[in-house]
Amino acid sequence: MRHTKRAVTAALLTSAALALTGCAAGGASSGGGGGDAAASCEPAGEDVTLTFTSWIPGIEDAVAIWNEENPDIQVEVQTGPSGNAGTYQNFFNQLEAGNAPDLGQIEYDALPNFRVQDGLVNLGACEDVLAAEDQFLDWTWGQVTLGTEDEVYGIPQDQGPMALFYRSDLFEQAGIEVPTTWEEYREAAVTIREQGGYITNFSQTDINQFAGFVWQAGGQWFANDGDAWTVELTSDESMTVAEYWQDLIENDLVSTYPAWTDEWNNAYNSGEVWTWNSAVWGANSILSGAPDTAGNWSVALAPQWNEGDAVAGNWGGSSIAVFNGTDHLYEAAKFALWLNTSEEALTSLNETAQIYPATEAGLDLPVLKEGVEFYGGQPIYDVFAEAAAQVSPDFVWGPTMTQTYADVSDGFKAAASGSSTLMEALEKGQESTIKALEAQSIPVAE
Amino acid sequence: MTASATPATAARLAAEEGRGRRTPTRRRRVQHPWAIVAFVGPFAAMFVLFYLIPIGVAVWQSLLVVEREGTYGTATEVFGGLRQYELVFQNEAFWTSVGRVLLFGIVQVPVMLALALLFALLLDSPLIRGKKFFRLAFFAPYAVPGVIAAIMWGFLYSPNLSPFQALTSQVNLLSADFVLWAIANVVTWVFVGYNMLIIYSTLLAIPQEIYEAARIDGAGQARIAWSIKIPLVRPALVLTAVLSIIGTLQLLAEPQTFRSFSSAVTSTYTPNMTIYATSSIPNVSLAAAFSVVLALATFILSFTFLRLTRRKGADA
């Protein structure tokens with residue numbers, strides 16, 4: 001008995017210690033230099049090696065081109081899981097520990113989060129960066145300046161203008177016109193449901209897709225006036241979008257498979273679900289998730305809230321940011337600019353990962369002018385180029401998006417299973433986001 | 001582990017003097033202090049470095065709060081006393097999740113241990129053939145990593161992709177009503193074999209003479225199992241129960257994996273998932289406070305259980 005007790009005590013101590021160590025990643029105060037004190041953007045005058053973390057498949061190829069051409073600025077690239085799947089957590093931990101890489105891949109919606117945690121260097125100190133503004137689409141540049149005039153916290157890499165992917169064969173057979181307004185979209189949903197299909201699948205986890213809908217509707221989720229944040233998850237536009245989808249869910253006009261699972265792929269591959277309101281990069285997701293439907297898909301501009309409007313939302317897109325603690329701001333900015341503006345880099349990124357550039361010139365890459373076989377030979381990127389020009393430049397992301405996404409997603413899941421509504425989910429998300437901000441002393445306007 | 005410097009001696013003396021008798025260890029002069037340092041040193045260093053210091057850091061971190069000026073002002077961490085703990089106790093989702101895992105534990109742990117005991121007794125019984133095979137077969141699921149097991153069961157439960165669709169399309173095991181028990185089934189499947197092995201090895205250590213005496217007294221196999229084996233493996237049962245209680249409170253991998261199968265599993269479904277979600281905000285101080293509270297809760301629960309079982313043991 002005594003030995004047992006001792007062993008149990010030891011086991012208790014060990015496991016409790018494990019529970020604690022699991023979360024003891026944090027250090028003391030926020031490290032690094034820079035921050036608001038403008039770091040200088042001077043060349044080092046010697047050979048430099050930069051570290052760069054990304055999750056873009058095949059980005060090594062583009063980096064290899066750079067390393068070949070720039071023997072004095074070598075870049076070591078490290079790849080990991082996508083941002084919310086673990087890389088952001090790694091970045092935050094590395095920033096705390098003071099060993100973050102020089103450069104990192106960060107999606108637009110996460111930039112304010114890293115900025116609040118004092119993790120990013122202001123690239124506005126580099127003249128080349130400020131001079132590059134004209135090369136980018138207005139709204140992609142707006143995503144990295146975070147509402148300031150001459151502060152830049154990342155070089156835009158790609159974008160996700162949204163459009164409507166639809167099964168042209170099924171629409172034709174059923175004699176349904178491609179919907180141009182959300183009202184028509186709902187009418188089409190009824191017809192499709194009568195035929196046993198679903199017009200689309202409502203994703204409970206892709207809150208950034210939903211944000212894209214709100215973005216298209218002209219809504220905002222956050223505002224930042226320099227003194228305090230305003231949280232507007234329950235803004236009128238946001239609620240209108242929620243009510244629209246809530247109605248579709250309640251009337252069983254959309255399916256609610258968990259997105260990005262095999263069940264979800266199966267629903268598209270089997271022809272049960274007919275459309276997807278997605279971003280340009282979604283072209284590749286359909287291709288890999290629903291291979292049996294090759295040749296049957298087309299792309300049209302997104303349905304509008306008001307007939308005759310021409311606005312698009314955006315879903316995704318990322319930037320290359322420079323982390324606090326780097327000793328080579330000049331070189332890092334130079335590399336980030338090259339990676340995201342030069343034709344050779346953008347071509348390479350498009351070949352390996354179908355990256356859709358954030359620059360004006362990038363949208364005219366020869367490869368983006370061709371017809372795509374999977375889409376019946378339609379030159380789909382023309383549609384996305386049109387959509388990209390319709391994205392509002394004013395959408396602002398909040399400083400704790402990971403938390404906002406998680407909380408709203410919990411609510412959306414409850415709505416999908418019928419025990420709550422999307423509107424309630426947004427209300428709860430609003431509340432918990434404000435709490436999360438206050439818990440970190442981030443000022444919130446009442 | 002570190003509780004006694006002479007466990008070997010104690011064990012030897014205990015063996016010499018028979019089971020269950022306590023021997024007061026005599027105080028002796030330490031003969032080879034440097035040898036002790038050489039043997040214990042590496043462990044002690046690691047223990048301090050990877051257990052004690054991280055625990056200290058976590059506790060310290062949980063006492064800090066962030067202060068900043070303006071929306072993007074520089075953040076400074078200052079001592080905030082128990083402010084984070086206030087937030088922990090106001091956090092409804094966290095306490096709901098604690099209640100959820102307690103319910104889970106009250107049902108799952110007894111079921112799992114009952115199964116483990118049953119399998120161990122069957123393996124130990126002379127009536128069963130193919131023991132080696134069954135011992136391995138029962139233990140094999142433990143060799144499957146928790147995440148893989150959860151993915152596998154997730155597919156088995158799926159209403160559309162399951163090979164047992166005839167059943168799963170009728171009863172959605174991944175719905176809010178059932179998913180907790182669907183997860184309990186996965187955890188049971190993985191850990192029954194492990195607990196069985198602990199109990200079985202205790203059974204093997206029971207001296208044959210006791211069985212002989214029982215048989216002479218006319219006891220059958222069932223009687224032997226009930227009156228001799230089960231009471232003698234009590235310590236092992238207590239150990240597995242405590243380990244299971246700890247494991248239950250710290251559930252993470254299985255429910256986290258189930259999030260992609262079921263819409264009923266939220267990001268704060270278990271206490272550890274809440275901690276994980278909080279740390280990825282990142283709000284490390286609050287996450288540390290959650291961790292400390294969870295660790296204390298685990299301590300209290302486990303020691304309460306030990307105290308209860310020990311008192312019963314003394315009465316018997």
# chains A, B, ... in the order shown; residues from 1 in each chain; ligands from 1
$ residues_around --residues "stretch 241-247 of chain A" --least-positions-apart "6" --cutoff "7 Å" --atoms "only C-alpha atoms" --output "PDB file with C-alpha atoms, in the first residue's frame"
ATOM      1  CA  PHE A 213     -19.505  37.805 -47.129  1.00  0.00           C
ATOM      2  CA  VAL A 214     -19.750  40.673 -44.639  1.00  0.00           C
ATOM      3  CA  THR A 421     -28.657  30.760 -34.621  1.00  0.00           C
ATOM      4  CA  LEU A 422     -25.937  32.521 -36.555  1.00  0.00           C
ATOM      5  CA  MET A 423     -27.118  35.835 -35.093  1.00  0.00           C
TER       6      MET A 423
END
$ interface_residues --of "chain B" --to "chain A" --cutoff "7 Å" --atoms "only C-alpha atoms" --output "PDB file with C-alpha atoms, in the first residue's frame"
ATOM      1  CA  MET B   1      10.619   8.935  -7.008  1.00  0.00           C
ATOM      2  CA  TYR B  51       9.756  20.358 -14.032  1.00  0.00           C
ATOM      3  CA  PRO B  54       8.692  25.522 -15.658  1.00  0.00           C
ATOM      4  CA  ILE B  55       6.169  25.136 -12.836  1.00  0.00           C
ATOM      5  CA  VAL B  57       7.583  30.146 -14.377  1.00  0.00           C
ATOM      6  CA  ALA B  58       3.966  29.153 -15.000  1.00  0.00           C
ATOM      7  CA  VAL B  66      -0.451  43.180 -19.509  1.00  0.00           C
ATOM      8  CA  GLU B  67      -0.670  46.934 -19.608  1.00  0.00           C
ATOM      9  CA  ARG B  68      -0.587  48.994 -22.777  1.00  0.00           C
ATOM     10  CA  GLY B  70      -3.513  52.944 -27.185  1.00  0.00           C
ATOM     11  CA  THR B  71      -4.439  50.272 -29.692  1.00  0.00           C
ATOM     12  CA  TYR B  72      -0.925  49.404 -30.787  1.00  0.00           C
ATOM     13  CA  THR B  74       3.895  48.850 -26.386  1.00  0.00           C
ATOM     14  CA  ALA B  75       2.807  46.143 -23.993  1.00  0.00           C
ATOM     15  CA  THR B  76       4.404  45.822 -20.590  1.00  0.00           C
ATOM     16  CA  GLU B  77       3.819  42.971 -18.198  1.00  0.00           C
ATOM     17  CA  ASN B 160     -21.851   9.168 -44.510  1.00  0.00           C
ATOM     18  CA  LEU B 161     -18.492   7.461 -44.738  1.00  0.00           C
ATOM     19  CA  PRO B 235      -3.458  -1.303  -5.012  1.00  0.00           C
ATOM     20  CA  LEU B 239      -3.171   3.295  -9.131  1.00  0.00           C
ATOM     21  CA  SER B 260     -13.149  18.092 -37.504  1.00  0.00           C
ATOM     22  CA  PHE B 261     -15.730  15.309 -37.386  1.00  0.00           C
ATOM     23  CA  SER B 263     -19.909  20.183 -34.911  1.00  0.00           C
ATOM     24  CA  ALA B 264     -20.768  19.513 -31.268  1.00  0.00           C
ATOM     25  CA  THR B 266     -16.360  23.350 -29.370  1.00  0.00           C
ATOM     26  CA  SER B 267     -12.960  24.955 -28.960  1.00  0.00           C
ATOM     27  CA  SER B 280      -2.983  30.719 -28.967  1.00  0.00           C
ATOM     28  CA  ILE B 281      -4.718  34.115 -28.608  1.00  0.00           C
ATOM     29  CA  VAL B 284      -0.121  33.336 -21.848  1.00  0.00           C
ATOM     30  CA  ALA B 287      -3.511  30.279 -19.947  1.00  0.00           C
ATOM     31  CA  ALA B 288      -0.997  29.832 -17.113  1.00  0.00           C
ATOM     32  CA  SER B 291      -3.203  25.528 -15.964  1.00  0.00           C
ATOM     33  CA  VAL B 292      -2.475  26.177 -12.311  1.00  0.00           C
ATOM     34  CA  ALA B 295      -3.382  21.199 -11.801  1.00  0.00           C
ATOM     35  CA  PHE B 299      -4.367  17.215  -7.111  1.00  0.00           C
TER      36      PHE B 299
END
$ atom_distance --atom1 "atom CA of A:Gln159" --atom2 "atom CA of A:Tyr356"
6.1 Å
$ select_by_dssp --residues "stretch 1-177 of chain B" --states "alpha helix (DSSP H)" --output "ChimeraX atom specification"
/B:7-17,33-47,53-61,83-90,92-124,131-143,146-157,165-168
$ residues_around --residues "A:Glu151" --least-positions-apart "2" --cutoff "12 Å" --atoms "only C-alpha atoms" --output "PyMOL selection string"
chain A and resi 35-39+115+120-127+129-130+133+141-149+153-155
